[in-house]
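Worksheet for the structure shown next.
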Amino acid sequence: MRLRDWVTRGVAVWVSSIVGAWGCGGAPVEPPQTVTAAPASTSSAGLVDEVGPIEAVPAPADLVVVGRLRSPDAFAKTVSQWLNLPFSPKALLDKQFPAFRDLVRLDAPVEVAAGLDPAAITSPKLGVALSVGLTDYAAALERLRSKGMVLERVSKHMQFVALGDKLKCVVARANGVASARLVCSDTREKLDALAPYMSTALSTQELGDHDLVVRGFAQPFKDRFGKQVQWAKSMVPGLVAQLRQGDDRLDAAISDAVYAVATELVAVVPDVDGVELRLSAASQTNSLDLSLGVLFKSQNSWVARTVASRGGDSAPAPASFWRLPADVEAAFYSAASKSSERWTPLLNGAVELAGSGLVHLGAASKVFDELLQSVRGVGEEQGATVYAFGSAAPQKSAKTSDAPAYYLAGIEQPADSRTDLVERLVAAYNDKTWRAAAAKRLDAPALTKLPPARALPAPASLGLPAGARLHQLHVPAQTLELITQQLEADGSKDTPKSSKKTGAGRSDVKWSIIALRDGERSWVAWGPDEALIAAKLRAVLSGADDQVLGANPALQRFRTEPAAVAGFVTVVNALSRASSLILGPNGAMPVDQMRLVMPNQGRAPVRLGLDAETSGPQAWLTVGVPAQAMEDVAAGVVAIIAAGQDAF
């Protein structure tokens with residue numbers, strides 16, 4: 001099936017759920033009919049109705065969600081042009097439901113509302129209603145009557161009709177863009193609760209100028225279920241008792257952690273005001289922009305205070321972001337923090353829990369103490385950081401891999417923190433104390449046979465500056481297989497004997513890490529191929545325009561648009577890995593082959609961001625998908641479907 005057919009069928013299902021029910025339970029739709037509408041002041045039943053603005057009905061007390069798709073026709077037209085799919089809801093309506101093409105307004109907003117089910121006491125259940133615009137109230141009633149539908153007058157502005165067994169609807173006079181609306185739900189009770197508000201008030205409510213907005217309200221949930229959160233905190237002593245290990249220091253650390261989480265949960269629930277989703281098809285940038293926000297109304301919790309403080313940290317991408325290799329498939333940055341001390345209590349608790357756990361397991365040592373202190377130091381840093389990953393150049397003999405071939409991380413300041421952390425990680429891995437303790441506790445003696453990692457100055461052959469450090473780890477496949485067998489032996493004292501088949505199906509683990517200082521920055525690169533990661537570091541250090549991100553015109557908005565965390569990913573690798581999952585490793589489409597079927601070679605960056613606003617405060621996750629990326633996704637999906645049909 002072609003992608004166009006999939007899209008058309010999907011939209012057909014959506015339209016048929018409302019409009020299709022007018023066709024008497026799926027019976028063939030009659031040809032277009034000429035309907036003579038009743039006068040505006042008279043219903044089809046001959047009863048006098050009022051005209052003009054209708055008094056707005058207040059929102060139900062248990063309303064938790066409202067949403068609006070501003071113009072289905074315009075939105076579908078924009079996106080279909082980007083995907084090069086000649087499709088519109090109007091054309092589908094004309095083809096599938098010609099008897100109603102003159103009654104449904106696809107240029108008017110489609111709206112949704114949901115309220116809490118009054119009968120739901122222990123867990124939330126929602127009642128949902130959907131509203132579509134109609135061209136004329138009286139004409140809609142006349143059309144329904146001509147189809148043999150039974151209408152029930154519920155008010156001077158509204159008449160009820162059952163469209164099939166599962167859809168309960170009203171045709172209502174409405175305020176807003178459309179003078180009439182069809183509002184439907186799955187039960188009469190939900191419909192009666194929501195339809196008056198949806199037709200008179202929601203239709204004129206300001207929700208912003210986005211193509212799609214969905215807004216959720218937290219207060220009804222808190223009013224109904226807030227006591228359950230307090231009740232959950234009362235269970236903490238029992239949970240702490242179950243987690244006790246008979247070690248005073250470890251038990252105290254566990255207790256502190258559990259009580260801290262419970263206290264924060266109780267504090268953050270009252271702070272939350274709601275959530276909001278926004279979606280816009282931005283024609284000026286040719287991108288589909290999505291934002292998902294959590295809105296707070298107070299700052300009594302650590303989460304809300306942290307969001308508020310992070311709101312002052314937003315900044316454009318730092319200089320190190322633009323020095324990342326030009327061919328990375330994903331790159332992100334985190335702006336420098338002006339209030340990193342807010343993380344100190346959390347880091348102290350985590351370090352104490354880890355340290356006491358190591359002591360309890362008999363794996364504590366000075367090496368691990370130094371590592372934990374280094375981790376805490378990195379967590380308290382204020383400098384901007386960057387992170388990226390990518391794949392190796394395609395080779396004819398190479399197999400498709402689900403994992404990136406190299407990773408890069410950098411921090412603006414201080415220059416020695418990350419390089420010191422790498423040294424301490426390697427020292428901790430090589431420490432014999434934890435190996436002996438783990439081997440005894442897990443009944444896996446082979447853990448003591450793990451070869452140590454090597455730490456040495458980077459060889460001159462790698463072309464890196466003086467002071468660069470190379471760390472190498474090589475674990476043979478046979479050792480990995482033996483450890484796996486022992487861990488899966490479920491406590492059996494019989495240690496499997498190695499044989500020629502041991503390690504079959506596994507590969508040796510080879511991993512290299514290179515850390516170096518670069519003035520006020522530090523860089524760490526890691527991956528299985530030390531020559532490749534060294535080459536990426538050389539590109540970073542050279543700053544040549546043809547080797548780094550700075551010359552990419554699609555990323556220039558990161559120079560001016562501030563964010564707390566932001567970056568991008570490309571779609572080609574995601575689809576290549578998806579093909580591996582769908583078609584299996586042997587049928588997967590390698591990255592270079594996937595690029596060939598994509599009009600833009602899968603290089604268009606999909607923007608991601610995480611930002612905060614001090615007012616409120618508010619936290620927002622943003623995604624920007626350019627039209628070129630959507631084109632590539634459509635082409636890649638078609639190619640995967642075609643490959644699957646050929647394979648099966």
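In the structure tokens, chains take the letters A, B, ... in the order shown, each chain's residues start at 1, and ligands count up from 1 in the order shown.
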Find the nearest atom pair between each residue of stretch 499-582 of chain A and stretch 337-359 of chain A for residues within 12 Å, count only C-alpha atoms, give distances in Å to one decimal, sort rows by chain and ascending number, and present the table as CSV.
```
residue,atom,partner,partner_atom,distance
A:Ala563,CA,A:Ser337,CA,11.6
A:Ala564,CA,A:Ser337,CA,8.6
A:Val565,CA,A:Ser337,CA,10.8
```
Taking the backbone alone, and naming residues the way the document does, which bits of stretch 311-527 of chain A are alpha helix (DSSP H) by DSSP, as number ranges by chain? A: 344-361, 366-379, 417-430, 432-442, 477-487
I need the strand (DSSP E) residues of stretch 394-578 of chain A per DSSP on the backbone, written as a PDB file with N, CA, C and O atoms, in the first residue's frame.
```
ATOM      1  N   TYR A 406      30.760   7.065  17.050  1.00  0.00           N
ATOM      2  CA  TYR A 406      31.579   7.908  17.925  1.00  0.00           C
ATOM      3  C   TYR A 406      30.681   8.865  18.700  1.00  0.00           C
ATOM      4  O   TYR A 406      29.560   9.179  18.288  1.00  0.00           O
ATOM      5  N   TYR A 407      31.196   9.299  19.855  1.00  0.00           N
ATOM      6  CA  TYR A 407      30.503  10.250  20.717  1.00  0.00           C
ATOM      7  C   TYR A 407      31.490  11.345  21.110  1.00  0.00           C
ATOM      8  O   TYR A 407      32.685  11.093  21.264  1.00  0.00           O
ATOM      9  N   LEU A 408      30.964  12.548  21.306  1.00  0.00           N
ATOM     10  CA  LEU A 408      31.788  13.685  21.710  1.00  0.00           C
ATOM     11  C   LEU A 408      31.076  14.460  22.798  1.00  0.00           C
ATOM     12  O   LEU A 408      29.847  14.651  22.739  1.00  0.00           O
ATOM     13  N   ALA A 409      31.825  14.932  23.782  1.00  0.00           N
ATOM     14  CA  ALA A 409      31.273  15.811  24.803  1.00  0.00           C
ATOM     15  C   ALA A 409      32.312  16.866  25.135  1.00  0.00           C
ATOM     16  O   ALA A 409      33.520  16.602  25.113  1.00  0.00           O
ATOM     17  N   GLY A 410      31.837  18.071  25.428  1.00  0.00           N
ATOM     18  CA  GLY A 410      32.744  19.152  25.783  1.00  0.00           C
ATOM     19  C   GLY A 410      32.106  20.084  26.787  1.00  0.00           C
ATOM     20  O   GLY A 410      30.884  20.161  26.894  1.00  0.00           O
ATOM     21  N   ILE A 411      32.945  20.762  27.557  1.00  0.00           N
ATOM     22  CA  ILE A 411      32.457  21.734  28.527  1.00  0.00           C
ATOM     23  C   ILE A 411      33.313  22.982  28.429  1.00  0.00           C
ATOM     24  O   ILE A 411      34.534  22.909  28.221  1.00  0.00           O
ATOM     25  N   ARG A 454      43.592   0.318  29.963  1.00  0.00           N
ATOM     26  CA  ARG A 454      44.901   0.959  29.866  1.00  0.00           C
ATOM     27  C   ARG A 454      44.722   2.467  29.804  1.00  0.00           C
ATOM     28  O   ARG A 454      43.797   2.976  29.162  1.00  0.00           O
ATOM     29  N   ALA A 455      45.588   3.203  30.461  1.00  0.00           N
ATOM     30  CA  ALA A 455      45.599   4.665  30.405  1.00  0.00           C
ATOM     31  C   ALA A 455      47.009   5.110  30.050  1.00  0.00           C
ATOM     32  O   ALA A 455      47.976   4.750  30.732  1.00  0.00           O
ATOM     33  N   LEU A 456      47.137   5.863  28.975  1.00  0.00           N
ATOM     34  CA  LEU A 456      48.452   6.263  28.486  1.00  0.00           C
ATOM     35  C   LEU A 456      48.339   7.561  27.696  1.00  0.00           C
ATOM     36  O   LEU A 456      47.242   7.941  27.247  1.00  0.00           O
ATOM     37  N   PRO A 457      49.431   8.248  27.508  1.00  0.00           N
ATOM     38  CA  PRO A 457      49.409   9.435  26.658  1.00  0.00           C
ATOM     39  C   PRO A 457      49.020   9.041  25.227  1.00  0.00           C
ATOM     40  O   PRO A 457      49.411   7.981  24.732  1.00  0.00           O
ATOM     41  N   ARG A 469      45.037  12.258  26.543  1.00  0.00           N
ATOM     42  CA  ARG A 469      45.139  10.956  27.178  1.00  0.00           C
ATOM     43  C   ARG A 469      44.247   9.962  26.458  1.00  0.00           C
ATOM     44  O   ARG A 469      43.095  10.239  26.120  1.00  0.00           O
ATOM     45  N   LEU A 470      44.777   8.749  26.240  1.00  0.00           N
ATOM     46  CA  LEU A 470      44.054   7.671  25.588  1.00  0.00           C
ATOM     47  C   LEU A 470      43.795   6.569  26.598  1.00  0.00           C
ATOM     48  O   LEU A 470      44.709   6.131  27.310  1.00  0.00           O
ATOM     49  N   HIS A 471      42.537   6.110  26.661  1.00  0.00           N
ATOM     50  CA  HIS A 471      42.160   5.016  27.552  1.00  0.00           C
ATOM     51  C   HIS A 471      41.557   3.916  26.689  1.00  0.00           C
ATOM     52  O   HIS A 471      40.666   4.178  25.880  1.00  0.00           O
ATOM     53  N   GLN A 472      42.057   2.699  26.884  1.00  0.00           N
ATOM     54  CA  GLN A 472      41.635   1.580  26.047  1.00  0.00           C
ATOM     55  C   GLN A 472      41.070   0.451  26.904  1.00  0.00           C
ATOM     56  O   GLN A 472      41.631   0.110  27.946  1.00  0.00           O
ATOM     57  N   LEU A 473      39.964  -0.110  26.451  1.00  0.00           N
ATOM     58  CA  LEU A 473      39.356  -1.259  27.109  1.00  0.00           C
ATOM     59  C   LEU A 473      39.108  -2.330  26.062  1.00  0.00           C
ATOM     60  O   LEU A 473      38.500  -2.068  25.026  1.00  0.00           O
ATOM     61  N   HIS A 474      39.593  -3.544  26.355  1.00  0.00           N
ATOM     62  CA  HIS A 474      39.401  -4.673  25.452  1.00  0.00           C
ATOM     63  C   HIS A 474      38.996  -5.884  26.280  1.00  0.00           C
ATOM     64  O   HIS A 474      39.782  -6.399  27.075  1.00  0.00           O
ATOM     65  N   VAL A 475      37.742  -6.318  26.090  1.00  0.00           N
ATOM     66  CA  VAL A 475      37.246  -7.498  26.804  1.00  0.00           C
ATOM     67  C   VAL A 475      36.958  -8.579  25.769  1.00  0.00           C
ATOM     68  O   VAL A 475      36.111  -8.398  24.889  1.00  0.00           O
ATOM     69  N   VAL A 509      34.629  -6.729  23.001  1.00  0.00           N
ATOM     70  CA  VAL A 509      34.317  -5.333  23.298  1.00  0.00           C
ATOM     71  C   VAL A 509      35.621  -4.544  23.255  1.00  0.00           C
ATOM     72  O   VAL A 509      36.545  -4.808  24.024  1.00  0.00           O
ATOM     73  N   LYS A 510      35.668  -3.609  22.328  1.00  0.00           N
ATOM     74  CA  LYS A 510      36.823  -2.727  22.220  1.00  0.00           C
ATOM     75  C   LYS A 510      36.320  -1.289  22.298  1.00  0.00           C
ATOM     76  O   LYS A 510      35.473  -0.888  21.511  1.00  0.00           O
ATOM     77  N   TRP A 511      36.831  -0.559  23.257  1.00  0.00           N
ATOM     78  CA  TRP A 511      36.355   0.797  23.490  1.00  0.00           C
ATOM     79  C   TRP A 511      37.535   1.693  23.812  1.00  0.00           C
ATOM     80  O   TRP A 511      38.425   1.313  24.562  1.00  0.00           O
ATOM     81  N   SER A 512      37.525   2.864  23.205  1.00  0.00           N
ATOM     82  CA  SER A 512      38.587   3.833  23.451  1.00  0.00           C
ATOM     83  C   SER A 512      37.975   5.154  23.890  1.00  0.00           C
ATOM     84  O   SER A 512      36.918   5.561  23.394  1.00  0.00           O
ATOM     85  N   ILE A 513      38.651   5.813  24.817  1.00  0.00           N
ATOM     86  CA  ILE A 513      38.252   7.145  25.277  1.00  0.00           C
ATOM     87  C   ILE A 513      39.467   8.058  25.174  1.00  0.00           C
ATOM     88  O   ILE A 513      40.557   7.704  25.636  1.00  0.00           O
ATOM     89  N   ILE A 514      39.265   9.213  24.566  1.00  0.00           N
ATOM     90  CA  ILE A 514      40.330  10.212  24.488  1.00  0.00           C
ATOM     91  C   ILE A 514      39.839  11.472  25.179  1.00  0.00           C
ATOM     92  O   ILE A 514      38.742  11.968  24.895  1.00  0.00           O
ATOM     93  N   ALA A 515      40.627  11.979  26.126  1.00  0.00           N
ATOM     94  CA  ALA A 515      40.302  13.209  26.842  1.00  0.00           C
ATOM     95  C   ALA A 515      41.448  14.192  26.669  1.00  0.00           C
ATOM     96  O   ALA A 515      42.626  13.811  26.735  1.00  0.00           O
ATOM     97  N   LEU A 516      41.113  15.451  26.437  1.00  0.00           N
ATOM     98  CA  LEU A 516      42.148  16.467  26.275  1.00  0.00           C
ATOM     99  C   LEU A 516      41.628  17.832  26.709  1.00  0.00           C
ATOM    100  O   LEU A 516      40.424  18.077  26.760  1.00  0.00           O
ATOM    101  N   ARG A 517      42.562  18.710  27.016  1.00  0.00           N
ATOM    102  CA  ARG A 517      42.241  20.078  27.386  1.00  0.00           C
ATOM    103  C   ARG A 517      42.499  20.982  26.189  1.00  0.00           C
ATOM    104  O   ARG A 517      43.462  20.827  25.465  1.00  0.00           O
ATOM    105  N   ASP A 518      41.606  21.956  26.038  1.00  0.00           N
ATOM    106  CA  ASP A 518      41.687  22.874  24.903  1.00  0.00           C
ATOM    107  C   ASP A 518      41.470  24.286  25.432  1.00  0.00           C
ATOM    108  O   ASP A 518      40.378  24.846  25.322  1.00  0.00           O
ATOM    109  N   ARG A 521      38.454  25.014  27.601  1.00  0.00           N
ATOM    110  CA  ARG A 521      37.500  23.922  27.368  1.00  0.00           C
ATOM    111  C   ARG A 521      38.179  22.581  27.605  1.00  0.00           C
ATOM    112  O   ARG A 521      39.402  22.482  27.648  1.00  0.00           O
ATOM    113  N   SER A 522      37.351  21.575  27.757  1.00  0.00           N
ATOM    114  CA  SER A 522      37.858  20.198  27.746  1.00  0.00           C
ATOM    115  C   SER A 522      36.961  19.379  26.842  1.00  0.00           C
ATOM    116  O   SER A 522      35.766  19.654  26.703  1.00  0.00           O
ATOM    117  N   TRP A 523      37.544  18.378  26.191  1.00  0.00           N
ATOM    118  CA  TRP A 523      36.819  17.510  25.264  1.00  0.00           C
ATOM    119  C   TRP A 523      37.042  16.057  25.651  1.00  0.00           C
ATOM    120  O   TRP A 523      38.141  15.667  26.050  1.00  0.00           O
ATOM    121  N   VAL A 524      35.991  15.277  25.498  1.00  0.00           N
ATOM    122  CA  VAL A 524      36.079  13.828  25.688  1.00  0.00           C
ATOM    123  C   VAL A 524      35.399  13.183  24.494  1.00  0.00           C
ATOM    124  O   VAL A 524      34.268  13.543  24.135  1.00  0.00           O
ATOM    125  N   ALA A 525      36.080  12.224  23.851  1.00  0.00           N
ATOM    126  CA  ALA A 525      35.516  11.487  22.720  1.00  0.00           C
ATOM    127  C   ALA A 525      35.650  10.000  23.011  1.00  0.00           C
ATOM    128  O   ALA A 525      36.653   9.562  23.585  1.00  0.00           O
ATOM    129  N   TRP A 526      34.648   9.230  22.628  1.00  0.00           N
ATOM    130  CA  TRP A 526      34.722   7.795  22.873  1.00  0.00           C
ATOM    131  C   TRP A 526      34.016   7.023  21.766  1.00  0.00           C
ATOM    132  O   TRP A 526      33.126   7.537  21.081  1.00  0.00           O
ATOM    133  N   GLY A 527      34.442   5.774  21.591  1.00  0.00           N
ATOM    134  CA  GLY A 527      33.892   4.906  20.564  1.00  0.00           C
ATOM    135  C   GLY A 527      34.784   3.701  20.380  1.00  0.00           C
ATOM    136  O   GLY A 527      35.862   3.600  20.977  1.00  0.00           O
ATOM    137  N   VAL A 565      18.309  24.107  27.106  1.00  0.00           N
ATOM    138  CA  VAL A 565      18.904  22.951  26.435  1.00  0.00           C
ATOM    139  C   VAL A 565      18.336  22.922  25.026  1.00  0.00           C
ATOM    140  O   VAL A 565      17.124  23.097  24.839  1.00  0.00           O
ATOM    141  N   ALA A 566      19.173  22.720  24.026  1.00  0.00           N
ATOM    142  CA  ALA A 566      18.684  22.688  22.649  1.00  0.00           C
ATOM    143  C   ALA A 566      19.649  21.890  21.790  1.00  0.00           C
ATOM    144  O   ALA A 566      20.788  21.619  22.175  1.00  0.00           O
ATOM    145  N   GLY A 567      19.173  21.519  20.599  1.00  0.00           N
ATOM    146  CA  GLY A 567      20.012  20.778  19.671  1.00  0.00           C
ATOM    147  C   GLY A 567      19.197  20.227  18.530  1.00  0.00           C
ATOM    148  O   GLY A 567      18.079  20.680  18.264  1.00  0.00           O
ATOM    149  N   PHE A 568      19.744  19.215  17.855  1.00  0.00           N
ATOM    150  CA  PHE A 568      19.057  18.650  16.698  1.00  0.00           C
ATOM    151  C   PHE A 568      19.426  17.189  16.529  1.00  0.00           C
ATOM    152  O   PHE A 568      20.431  16.704  17.053  1.00  0.00           O
ATOM    153  N   VAL A 569      18.582  16.481  15.787  1.00  0.00           N
ATOM    154  CA  VAL A 569      18.869  15.126  15.333  1.00  0.00           C
ATOM    155  C   VAL A 569      18.500  15.062  13.854  1.00  0.00           C
ATOM    156  O   VAL A 569      17.692  15.852  13.369  1.00  0.00           O
TER     157      VAL A 569
END
```
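Note that atom CA of A:Ser615 and atom CA of A:Gln230 are 27.5 Å apart.
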Nearest-residue call for A:Ser287, choices A:Ala612, A:Met158, A:Leu371, A:Val606, using only C-alpha atoms: A:Val606
